[in-house]
$ cat structure_16.txt   # compact mmCIF, C-alpha atoms
# COMPACT_ATOMS: atom_id res chain seq x y z
CA MET A 284 -21.94 -15.32 3.17
CA LYS A 285 -22.34 -11.73 2.01
CA THR A 286 -25.40 -10.84 -0.02
CA CYS A 287 -25.65 -8.32 -2.83
CA LEU A 288 -28.84 -7.01 -4.40
CA VAL A 289 -28.28 -6.05 -8.05
CA VAL A 290 -30.78 -3.40 -9.14
CA ASP A 291 -30.87 -2.66 -12.87
CA ASP A 292 -33.63 -2.66 -15.48
CA SER A 293 -31.32 -4.37 -17.98
CA SER A 294 -31.26 -8.13 -17.56
CA VAL A 295 -27.93 -8.22 -19.44
CA ILE A 296 -26.29 -5.88 -16.94
CA ARG A 297 -27.76 -7.86 -14.04
CA LYS A 298 -26.31 -11.03 -15.53
CA VAL A 299 -22.84 -9.51 -16.03
CA ALA A 300 -22.85 -8.06 -12.51
CA ARG A 301 -24.07 -11.35 -11.06
CA ARG A 302 -21.23 -13.25 -12.71
CA ILE A 303 -18.59 -10.86 -11.38
CA LEU A 304 -20.03 -10.68 -7.86
CA GLU A 305 -20.58 -14.43 -7.57
CA ASP A 306 -16.90 -14.88 -8.38
CA LEU A 307 -16.23 -12.54 -5.45
CA SER A 308 -18.30 -14.89 -3.24
CA PHE A 309 -21.49 -12.87 -2.96
CA THR A 310 -24.95 -14.41 -2.91
CA ILE A 311 -26.94 -12.45 -5.46
CA SER A 312 -30.55 -11.34 -5.66
CA GLU A 313 -31.92 -9.15 -8.45
CA ALA A 314 -34.48 -6.40 -8.89
CA ALA A 315 -35.49 -4.61 -12.09
CA ASP A 316 -36.50 -1.29 -10.50
CA GLY A 317 -36.32 0.66 -7.25
CA GLU A 318 -39.75 -0.34 -5.99
CA GLU A 319 -39.03 -4.05 -6.34
CA ALA A 320 -35.64 -3.47 -4.68
CA LEU A 321 -37.27 -1.65 -1.76
CA ARG A 322 -39.73 -4.52 -1.22
CA GLN A 323 -36.85 -6.99 -1.10
CA CYS A 324 -34.91 -4.81 1.35
CA GLN A 325 -37.95 -4.54 3.63
CA LYS A 326 -37.95 -8.34 3.89
CA ALA A 327 -34.19 -8.69 4.39
CA MET A 328 -31.45 -6.09 4.14
CA PRO A 329 -28.57 -7.23 1.90
CA SER A 330 -24.93 -6.47 2.79
CA ALA A 331 -24.46 -4.57 -0.46
CA ILE A 332 -26.56 -3.02 -3.23
CA LEU A 333 -25.30 -2.39 -6.77
CA LEU A 334 -27.67 0.30 -7.98
CA ASP A 335 -28.56 1.65 -11.42
CA TRP A 336 -29.88 5.21 -11.64
CA ASN A 337 -32.36 5.38 -14.53
CA MET A 338 -35.05 2.75 -14.15
CA PRO A 339 -38.81 2.67 -14.71
CA VAL A 340 -41.30 2.79 -11.77
CA MET A 341 -38.74 4.07 -9.21
CA ASP A 342 -35.26 5.31 -10.06
CA GLY A 343 -32.09 4.59 -8.12
CA LEU A 344 -31.84 7.94 -6.39
CA GLU A 345 -35.38 7.79 -5.02
CA PHE A 346 -34.83 4.18 -3.96
CA LEU A 347 -31.70 5.22 -2.08
CA SER A 348 -33.34 8.07 -0.17
CA ARG A 349 -36.23 5.78 0.79
CA LEU A 350 -33.91 2.94 1.74
CA ARG A 351 -31.93 5.17 4.09
CA ARG A 352 -35.17 6.07 5.94
CA GLU A 353 -36.17 2.41 6.43
CA PRO A 354 -35.43 0.68 9.75
CA GLY A 355 -31.97 -0.87 9.22
CA GLY A 356 -31.74 0.93 5.88
CA ASP A 357 -28.48 2.55 6.91
CA GLN A 358 -26.82 -0.87 6.95
CA PRO A 359 -26.43 -1.88 3.28
CA ILE A 360 -23.39 -0.50 1.47
CA VAL A 361 -24.72 1.09 -1.70
CA VAL A 362 -22.60 1.32 -4.83
CA PHE A 363 -24.18 3.25 -7.68
CA CYS A 364 -23.54 1.77 -11.12
CA THR A 365 -24.82 4.01 -13.88
CA THR A 366 -24.11 5.69 -17.21
CA GLU A 367 -24.58 9.04 -15.45
CA ASN A 368 -20.94 10.06 -15.37
CA ASP A 369 -20.84 13.76 -14.59
CA VAL A 370 -19.67 15.36 -11.38
CA ALA A 371 -23.11 16.78 -10.56
CA HIS A 372 -24.78 13.36 -10.63
CA ILE A 373 -21.97 11.71 -8.67
CA ALA A 374 -22.07 14.39 -5.99
CA ARG A 375 -25.86 14.11 -5.74
CA ALA A 376 -25.67 10.35 -5.27
CA MET A 377 -23.04 10.66 -2.57
CA ARG A 378 -25.09 13.26 -0.73
CA ALA A 379 -28.12 10.95 -0.88
CA GLY A 380 -26.13 8.32 1.01
CA ALA A 381 -24.29 6.25 -1.61
CA ASN A 382 -21.00 4.73 -0.44
CA GLU A 383 -19.29 4.44 -3.81
CA TYR A 384 -19.97 5.16 -7.45
CA ILE A 385 -19.23 3.21 -10.63
CA MET A 386 -19.55 4.83 -14.04
CA LYS A 387 -20.63 2.44 -16.79
CA PRO A 388 -19.18 0.74 -18.70
CA PHE A 389 -17.55 -1.20 -15.89
CA ASP A 390 -15.41 -4.30 -15.74
CA ARG A 391 -14.36 -6.85 -13.16
CA ASP A 392 -11.39 -4.76 -11.94
CA ILE A 393 -13.53 -1.73 -11.29
CA VAL A 394 -16.18 -3.66 -9.36
CA GLU A 395 -13.52 -5.46 -7.35
CA SER A 396 -11.58 -2.29 -6.55
CA LYS A 397 -14.69 -0.30 -5.60
CA PHE A 398 -16.02 -3.12 -3.40
CA THR A 399 -12.60 -3.35 -1.74
CA GLU A 400 -12.60 0.40 -1.19
CA VAL A 401 -15.84 0.27 0.83
CA GLY A 402 -14.68 -2.74 2.85
CA LEU A 403 -16.91 -5.38 1.26
CA LEU A 404 -13.92 -7.50 0.19
CA MET B 275 6.11 -3.68 -35.68
CA SER B 276 3.45 -6.02 -36.99
CA HIS B 277 0.06 -4.89 -38.24
CA GLU B 278 -1.62 -6.85 -35.42
CA PHE B 279 0.46 -5.18 -32.74
CA GLU B 280 -0.20 -1.74 -34.15
CA PHE B 281 -3.94 -2.42 -34.31
CA LEU B 282 -4.13 -3.76 -30.74
CA ARG B 283 -1.98 -0.93 -29.47
CA ARG B 284 -4.37 1.65 -30.91
CA PHE B 285 -7.43 -0.35 -29.87
CA LEU B 286 -6.27 -0.62 -26.24
CA LYS B 287 -5.16 3.00 -26.08
CA ASP B 288 -8.57 4.18 -27.29
CA ARG B 289 -10.48 1.77 -25.14
CA SER B 290 -8.67 1.69 -21.85
CA GLY B 291 -5.88 4.23 -22.00
CA LEU B 292 -3.38 1.40 -21.70
CA VAL B 293 -0.09 2.39 -23.32
CA LEU B 294 1.32 -0.73 -24.88
CA THR B 295 5.01 -0.12 -25.41
CA PRO B 296 6.92 -2.42 -27.80
CA ASP B 297 8.69 -4.04 -24.83
CA LYS B 298 5.28 -5.30 -23.69
CA GLN B 299 4.67 -7.10 -26.97
CA TYR B 300 5.17 -10.45 -25.25
CA LEU B 301 2.10 -9.70 -23.12
CA ILE B 302 -0.19 -9.79 -26.14
CA GLU B 303 0.64 -13.38 -26.91
CA SER B 304 0.37 -14.62 -23.33
CA ARG B 305 -2.80 -12.71 -22.47
CA LEU B 306 -4.75 -13.05 -25.70
CA MET B 307 -4.12 -16.65 -26.69
CA PRO B 308 -6.48 -17.86 -23.91
CA VAL B 309 -9.13 -15.44 -25.24
CA ALA B 310 -8.63 -16.80 -28.77
CA ARG B 311 -9.04 -20.36 -27.51
CA ARG B 312 -12.26 -19.53 -25.67
CA HIS B 313 -13.72 -18.14 -28.89
CA ASN B 314 -12.36 -20.95 -31.08
CA LEU B 315 -10.21 -18.50 -32.99
CA LYS B 316 -6.92 -19.51 -34.58
CA GLY B 317 -4.87 -16.73 -33.04
CA LEU B 318 -4.14 -13.04 -32.84
CA SER B 319 -4.81 -12.37 -36.51
CA GLU B 320 -8.37 -13.67 -36.19
CA ILE B 321 -8.96 -11.64 -33.02
CA VAL B 322 -7.77 -8.51 -34.78
CA LEU B 323 -9.93 -9.30 -37.80
CA LEU B 324 -13.06 -9.63 -35.63
CA LEU B 325 -12.29 -6.54 -33.54
CA GLY B 326 -12.12 -4.54 -36.75
CA LYS B 327 -15.73 -5.41 -37.56
CA PRO B 328 -18.80 -4.08 -35.74
CA GLY B 329 -20.85 -6.26 -33.39
CA ASN B 330 -18.04 -7.89 -31.45
CA ASP B 331 -18.45 -6.00 -28.20
CA ALA B 332 -18.15 -9.05 -25.97
CA LEU B 333 -14.81 -9.94 -27.54
CA ALA B 334 -13.67 -6.33 -27.27
CA VAL B 335 -14.42 -6.33 -23.53
CA GLU B 336 -12.59 -9.61 -23.03
CA VAL B 337 -9.52 -8.44 -24.93
CA THR B 338 -9.41 -5.19 -22.96
CA GLU B 339 -9.82 -7.02 -19.66
CA ALA B 340 -7.14 -9.54 -20.50
CA MET B 341 -4.65 -6.86 -21.48
CA THR B 342 -5.28 -4.38 -18.68
CA THR B 343 -5.19 -6.87 -15.81
CA ASN B 344 -2.37 -5.91 -13.45
CA GLU B 345 -1.85 -2.62 -15.15
CA SER B 346 -1.48 0.43 -13.03
CA PHE B 347 -4.15 1.18 -10.43
CA PHE B 348 -4.41 4.09 -8.07
CA PHE B 349 -3.63 2.84 -4.55
CA ARG B 350 -2.69 -0.48 -6.15
CA ASP B 351 -2.83 -3.31 -3.60
CA LYS B 352 -3.84 -0.77 -0.91
CA VAL B 353 -1.48 -2.29 1.72
CA PRO B 354 1.66 -0.33 0.70
CA PHE B 355 -0.31 2.91 0.97
CA ASP B 356 -1.58 1.94 4.41
CA HIS B 357 2.05 1.26 5.35
CA PHE B 358 3.00 4.65 3.94
CA GLN B 359 0.52 6.39 6.26
CA GLN B 360 0.74 4.14 9.27
CA VAL B 361 4.39 3.09 9.38
CA MET B 362 6.67 5.11 7.11
CA LEU B 363 5.39 8.64 7.65
CA PRO B 364 4.96 8.26 11.43
CA ALA B 365 8.58 7.06 11.68
CA LEU B 366 10.12 9.57 9.29
CA THR B 367 8.16 12.68 10.25
CA PRO B 368 9.72 13.14 13.72
CA ALA B 369 13.10 11.97 12.39
CA ARG B 370 13.08 14.69 9.69
CA GLN B 371 11.50 17.40 11.84
CA SER B 372 14.61 19.60 11.75
CA GLN B 373 15.39 19.32 8.02
CA LYS B 374 11.69 19.28 7.09
CA ARG B 375 12.63 17.36 3.97
CA LEU B 376 11.43 14.05 2.61
CA ARG B 377 12.48 12.40 -0.64
CA ILE B 378 10.48 9.57 -2.22
CA TRP B 379 11.41 7.60 -5.33
CA CYS B 380 8.89 5.62 -7.36
CA ALA B 381 11.20 3.48 -9.47
CA ALA B 382 8.50 2.15 -11.80
CA ALA B 383 6.22 5.15 -12.05
CA SER B 384 4.56 3.96 -15.27
CA THR B 385 1.53 6.16 -16.01
CA GLY B 386 1.74 7.92 -12.65
CA GLN B 387 -0.88 6.22 -10.50
CA GLU B 388 1.55 5.25 -7.73
CA PRO B 389 3.35 8.59 -7.25
CA TYR B 390 0.06 10.46 -7.57
CA SER B 391 -1.57 8.22 -4.94
CA LEU B 392 1.27 9.16 -2.57
CA ALA B 393 0.88 12.82 -3.52
CA MET B 394 -2.86 12.72 -2.76
CA ILE B 395 -2.18 11.14 0.65
CA LEU B 396 0.39 13.83 1.42
CA ASN B 397 -1.98 16.54 0.28
CA GLU B 398 -4.65 15.20 2.62
CA LEU B 399 -2.08 15.61 5.40
CA ALA B 400 -0.87 19.00 4.13
CA ALA B 401 -1.51 20.82 7.39
CA ARG B 402 0.97 18.57 9.13
CA TYR B 403 3.68 19.18 6.54
CA ALA B 404 3.42 22.94 6.22
CA GLY B 405 6.88 24.31 5.40
CA TRP B 406 8.23 20.89 4.42
CA ARG B 407 9.94 20.15 1.13
CA ILE B 408 8.59 16.82 -0.04
CA GLU B 409 9.94 15.50 -3.31
CA ILE B 410 8.38 12.63 -5.18
CA THR B 411 10.46 11.43 -8.12
CA GLY B 412 8.86 9.08 -10.60
CA THR B 413 11.12 7.23 -13.02
CA ASP B 414 10.39 4.74 -15.76
CA LEU B 415 12.24 3.29 -18.71
CA SER B 416 9.50 4.35 -21.09
CA ARG B 417 9.25 7.97 -22.12
CA GLU B 418 5.80 7.27 -23.53
CA VAL B 419 4.24 6.22 -20.20
CA LEU B 420 5.88 9.16 -18.44
CA GLU B 421 4.38 11.58 -20.96
CA LYS B 422 1.00 10.19 -20.00
CA ALA B 423 1.89 10.44 -16.31
CA LYS B 424 2.90 14.10 -16.69
CA ALA B 425 -0.32 14.94 -18.51
CA GLY B 426 -2.27 13.36 -15.67
CA VAL B 427 -5.21 12.59 -17.97
CA TYR B 428 -6.96 9.30 -17.33
CA THR B 429 -9.82 7.47 -19.00
CA GLN B 430 -13.03 6.71 -17.17
CA PHE B 431 -11.76 3.13 -16.79
CA GLU B 432 -8.44 4.16 -15.27
CA VAL B 433 -9.86 6.74 -12.89
CA GLN B 434 -12.13 4.09 -11.39
CA ARG B 435 -9.39 1.57 -10.70
CA GLY B 436 -8.50 1.87 -7.03
CA LEU B 437 -9.41 5.52 -6.62
CA PRO B 438 -12.11 6.25 -4.02
CA VAL B 439 -14.86 8.36 -5.57
CA GLN B 440 -14.39 11.13 -2.99
CA LEU B 441 -10.75 11.55 -4.04
CA MET B 442 -11.79 11.49 -7.69
CA LEU B 443 -14.29 14.30 -7.10
CA LYS B 444 -11.79 16.25 -5.04
CA TYR B 445 -8.70 16.00 -7.24
CA PHE B 446 -9.87 15.35 -10.81
CA GLU B 447 -11.53 17.57 -13.32
CA GLN B 448 -13.82 15.98 -15.87
CA ASN B 449 -13.33 16.78 -19.51
CA GLY B 450 -15.70 14.73 -21.66
CA ASP B 451 -14.72 11.10 -21.25
CA THR B 452 -11.43 11.82 -19.53
CA TRP B 453 -10.46 13.00 -16.09
CA ARG B 454 -7.50 15.26 -15.42
CA LEU B 455 -5.64 15.34 -12.14
CA SER B 456 -5.39 18.79 -10.58
CA GLN B 457 -2.30 20.85 -11.27
CA ASN B 458 -1.66 21.01 -7.53
CA ILE B 459 -1.18 17.23 -7.27
CA ARG B 460 0.62 16.91 -10.60
CA SER B 461 3.16 19.51 -9.52
CA MET B 462 4.10 17.38 -6.49
CA VAL B 463 5.71 14.72 -8.71
CA LYS B 464 8.77 15.11 -10.94
CA TYR B 465 9.31 12.56 -13.68
CA GLN B 466 12.42 11.42 -15.52
CA THR B 467 13.15 8.57 -17.88
CA PHE B 468 15.60 6.27 -16.23
CA ASN B 469 16.99 2.78 -16.71
CA LEU B 470 17.43 0.90 -13.43
CA LEU B 471 20.55 -0.72 -14.91
CA ASP B 472 22.23 2.71 -15.05
CA SER B 473 24.14 4.31 -12.18
CA PHE B 474 22.05 5.81 -9.36
CA SER B 475 24.74 8.31 -8.37
CA SER B 476 22.84 11.27 -9.84
CA MET B 477 19.69 10.37 -7.90
CA GLY B 478 20.80 11.38 -4.40
CA GLN B 479 19.54 9.91 -1.15
CA PHE B 480 15.93 8.87 -0.61
CA ASP B 481 13.88 8.26 2.52
CA ILE B 482 11.48 5.90 0.78
CA ILE B 483 11.93 3.85 -2.39
CA PHE B 484 8.92 2.22 -4.02
CA CYS B 485 10.21 -0.48 -6.36
CA ARG B 486 7.07 -2.45 -7.05
CA ASN B 487 6.44 -4.96 -9.81
CA VAL B 488 9.41 -3.94 -11.92
CA LEU B 489 12.22 -6.28 -10.84
CA ILE B 490 10.24 -9.16 -12.35
CA TYR B 491 11.45 -7.93 -15.74
CA PHE B 492 15.11 -8.49 -14.77
CA ASP B 493 17.15 -11.67 -14.32
CA ASN B 494 18.40 -12.61 -10.86
CA ASP B 495 21.85 -11.03 -11.19
CA ALA B 496 20.35 -7.74 -12.26
CA LYS B 497 17.73 -7.91 -9.47
CA ILE B 498 20.45 -8.39 -6.84
CA ASP B 499 22.54 -5.61 -8.33
CA ILE B 500 19.62 -3.16 -8.46
CA MET B 501 18.51 -3.89 -4.89
CA ASN B 502 22.05 -3.57 -3.52
CA ARG B 503 22.54 -0.26 -5.30
CA MET B 504 19.13 1.01 -4.14
CA ALA B 505 20.16 0.20 -0.56
CA LYS B 506 23.06 2.65 -1.01
CA GLN B 507 20.65 5.41 -2.07
CA LEU B 508 18.35 4.79 0.90
CA ALA B 509 18.70 6.76 4.16
CA PRO B 510 19.80 4.61 7.12
CA ASP B 511 16.29 4.79 8.58
CA GLY B 512 14.56 4.70 5.20
CA PHE B 513 12.02 2.25 3.80
CA PHE B 514 12.13 0.03 0.73
CA VAL B 515 8.90 -1.26 -0.81
CA LEU B 516 8.46 -4.24 -3.13
CA GLY B 517 5.34 -5.55 -4.90
CA ALA B 518 2.94 -7.96 -3.25
CA ALA B 519 4.42 -11.03 -4.95
CA GLU B 520 8.08 -10.01 -4.63
CA THR B 521 10.74 -10.61 -2.00
CA VAL B 522 14.39 -9.89 -1.22
CA VAL B 523 14.73 -13.24 0.50
CA GLY B 524 17.49 -15.26 -1.11
CA LEU B 525 18.49 -12.31 -3.28
CA SER B 526 19.83 -9.43 -1.26
CA ASN B 527 21.21 -9.13 2.26
CA ALA B 528 21.00 -5.37 2.09
CA PHE B 529 17.37 -5.32 3.27
CA LYS B 530 15.33 -7.22 5.80
CA PRO B 531 11.54 -7.52 5.88
CA MET B 532 9.63 -5.68 8.58
CA PRO B 533 7.68 -8.25 10.60
CA ASP B 534 3.97 -8.41 9.70
CA LYS B 535 4.39 -5.69 7.07
CA ARG B 536 4.13 -7.43 3.73
CA GLY B 537 6.34 -5.89 1.05
CA LEU B 538 8.01 -3.42 3.44
CA TYR B 539 11.77 -3.59 4.05
CA ILE B 540 14.40 -1.73 6.04
CA HIS B 541 18.22 -1.79 6.06
CA ASN B 542 19.63 -5.01 7.38
CA ALA B 543 22.24 -3.14 9.41
CA PRO B 544 20.50 -1.39 12.31
CA ALA B 545 19.83 2.28 11.65
CA ALA B 546 21.82 4.79 13.67
CA ASN B 547 18.76 6.87 14.52
CA SER B 548 16.80 5.75 17.49
CA ALA B 549 13.18 4.95 16.84
CA ALA B 550 10.89 7.81 17.72
CA PRO B 551 7.49 7.08 19.24
CA VAL B 552 5.14 6.13 16.47
CA ARG B 553 1.73 7.69 16.25
CA PRO B 554 -0.36 6.46 13.33
CA LEU B 555 -1.60 9.04 10.87
CA SER B 556 -5.08 8.50 9.61
CA LEU B 557 -6.89 9.32 6.41
CA ALA B 558 -10.15 8.09 7.87
CA ALA B 559 -11.84 11.38 7.16
CA VAL B 560 -11.48 11.04 3.40
CA ARG B 561 -11.76 7.30 2.83
$ encode --input "structure_16.txt" --output "C-alpha cells"
Amino acid sequence: MKTCLVVDDSSVIRKVARRILEDLSFTISEAADGEEALRQCQKAMPSAILLDWNMPVMDGLEFLSRLRREPGGDQPIVVFCTTENDVAHIARAMRAGANEYIMKPFDRDIVESKFTEVGLL
Amino acid sequence: MSHEFEFLRRFLKDRSGLVLTPDKQYLIESRLMPVARRHNLKGLSEIVLLLGKPGNDALAVEVTEAMTTNESFFFRDKVPFDHFQQVMLPALTPARQSQKRLRIWCAAASTGQEPYSLAMILNELAARYAGWRIEITGTDLSREVLEKAKAGVYTQFEVQRGLPVQLMLKYFEQNGDTWRLSQNIRSMVKYQTFNLLDSFSSMGQFDIIFCRNVLIYFDNDAKIDIMNRMAKQLAPDGFFVLGAAETVVGLSNAFKPMPDKRGLYIHNAPAANSAAPVRPLSLAAVR
C-alpha cells in the first residue's frame, strides 16, 4: 500500500485531498505545517507528499529543502499543491527538489493526472 | 437554446474553459442529474438557481467536475503518446528518411490538446528532425473548439490536466489566470473544420491518423464507413490510433490491432515496405 502525507494548514484542504487520494488507494497521514511533517518523515518516509507552500511554523519550501537533506529524504515523491501560481514560484519549487506542482484550486482529475505523471499511479 | 443551457455554458466556460457546444447538450442531462440527486434537487433548473446565488461553492465544484470529466487532456491516456514515441516514430523515421516528410491527422482535435501534445513531443526531438517537413492537421466538426485550439490559451485547470509541469514551464506563457502555448508549438499545427462524414479526398495521405474518442458519436454504419475511408488515406506502413475504450474488431477489416499495443492499428494487408530496425526514442530527459 502506498502512503501519502498531506501537508496543509487548512483542515478542509486536507480532508478534500484525503478523500481524493484514498480513492486512488493511498494510505493517508496528515500534518498541519512543515515541522510536523518533518517529524513524521523522520519516523517513516511516505511514498508521496502533497505539500502546501504557505504554512505557519515551517513553510513548504523550507520543509522540502530539509527533507531532501534527511537520510532517505530523496525517496518521497513531492507534489506541491499551493495557491502560488506564478512561474517564479513554480521554478523555485522544482529547483528545491519538487517532482510535480499543482496550482490551487485543484480537482480530482488534476491530482490523478499529476500523480500518474510522476509514476505514483 | 434554453436559459439553463446558456447559463451552464457560460458558467463552465468561465470556470473550466470547457466549451459546451449545442451538440453536447445531452451531456448536461446525463452528467448533472446524478449531482442533482445527491443534493436532493429536483433537476437542472434548481441546480442553475443555486449556482446563481453566492455560497454554493461545493455544488459549483461538483458541477464542474461532472461536466469536465473525459474532456480533453494533454497527453490524454498517456499510452498513445508513448506509442507515438516508441513505436510509430521509430518505424516511420527511417522509412521517410529520403522524403523527410511526415503527415499526422488528429481527426477529433477539439480544443487542441492532442495535436499540441504531439507537437511538443516532436519539438523535444527537434534535433533529430532537422530539415524535415512535419505536418500536423487538426480537424473537428466544431468551429468554436478549433478557435480555442488556434488561440492556444488554456485555463489553470486545463493546463494542469495531463501536462507535466516542466513542459508547462517550457512551452506556456502565463498571463493572469490563463496560460498561452508558445507560438512555436502553435505554428506546428494547422486546423480546419471538417465533418468526418464528408469526403476525405481533399485531405491527402497521412502517415499517422489519431481518431480517438470521436467514433462513439456515430452509429455503426457510419463508424465502419469512416474507418474504411480513413484506411484509404493512410500510408501502407502508417498507423491508426483509436481511443482506449474503442476497437475496430467486428467493425472494419481494413485495420488490425498491433499485438500488445492497446489502441494502435496497422493496415490489415501487409505493408510493402520492409520493417526497418526499430530503436526507441526517449523523452526521458524532459519527463
$ residues_around --input "structure_16.txt" --residues "A:Asp316" --least-positions-apart "2" --cutoff "9 Å" --atoms "only C-alpha atoms" --output "tab-separated table (two decimals) with C-alpha atoms, keeping the file's coordinate frame"
chain	number	residue	atom	x	y	z
A	290	VAL	CA	-30.78	-3.40	-9.14
A	291	ASP	CA	-30.87	-2.66	-12.87
A	292	ASP	CA	-33.63	-2.66	-15.48
A	314	ALA	CA	-34.48	-6.40	-8.89
A	318	GLU	CA	-39.75	-0.34	-5.99
A	319	GLU	CA	-39.03	-4.05	-6.34
A	320	ALA	CA	-35.64	-3.47	-4.68
A	321	LEU	CA	-37.27	-1.65	-1.76
A	335	ASP	CA	-28.56	1.65	-11.42
A	337	ASN	CA	-32.36	5.38	-14.53
A	338	MET	CA	-35.05	2.75	-14.15
A	339	PRO	CA	-38.81	2.67	-14.71
A	340	VAL	CA	-41.30	2.79	-11.77
A	341	MET	CA	-38.74	4.07	-9.21
A	342	ASP	CA	-35.26	5.31	-10.06
A	343	GLY	CA	-32.09	4.59	-8.12
A	346	PHE	CA	-34.83	4.18	-3.96
$ interface_residues --input "structure_16.txt" --of "chain A" --to "chain B" --cutoff "12 Å" --atoms "only C-alpha atoms" --output "ChimeraX atom specification"
/A:295,299,362-364,366-378,381-402
$ residues_around --input "structure_16.txt" --residues "B:Phe468" --least-positions-apart "3" --cutoff "12 Å" --atoms "all atoms listed in the file" --output "list in words"
Trp379, Cys380, Ala381, Ala382, Ala383, Ser384, Thr411, Gly412, Thr413, Asp414, Leu415, Ser416, Arg417, Leu420, Tyr465, Leu471, Asp472, Ser473, Phe474, Ser476 and Met477 of chain B
$ closest_residue --input "structure_16.txt" --among "B:Arg454, B:Val523, B:Gln387, B:Thr367" --to "B:Leu399" --atoms "all atoms listed in the file"
B:Thr367
$ atom_distance --input "structure_16.txt" --atom1 "atom CA of B:Arg311" --atom2 "atom CA of B:Ala332"
14.6 Å
$ closest_atom_pairs --input "structure_16.txt" --of "stretch 410-492 of chain B" --to "stretch 287-308 of chain B" --cutoff "7 Å" --atoms "only C-alpha atoms" --output "Markdown table"
| residue | atom | partner | partner_atom | distance |
| --- | --- | --- | --- | --- |
| B:Val419 | CA | B:Val293 | CA | 6.6 |
| B:Tyr428 | CA | B:Gly291 | CA | 7.0 |
| B:Thr429 | CA | B:Gly291 | CA | 5.9 |
| B:Phe431 | CA | B:Ser290 | CA | 6.1 |
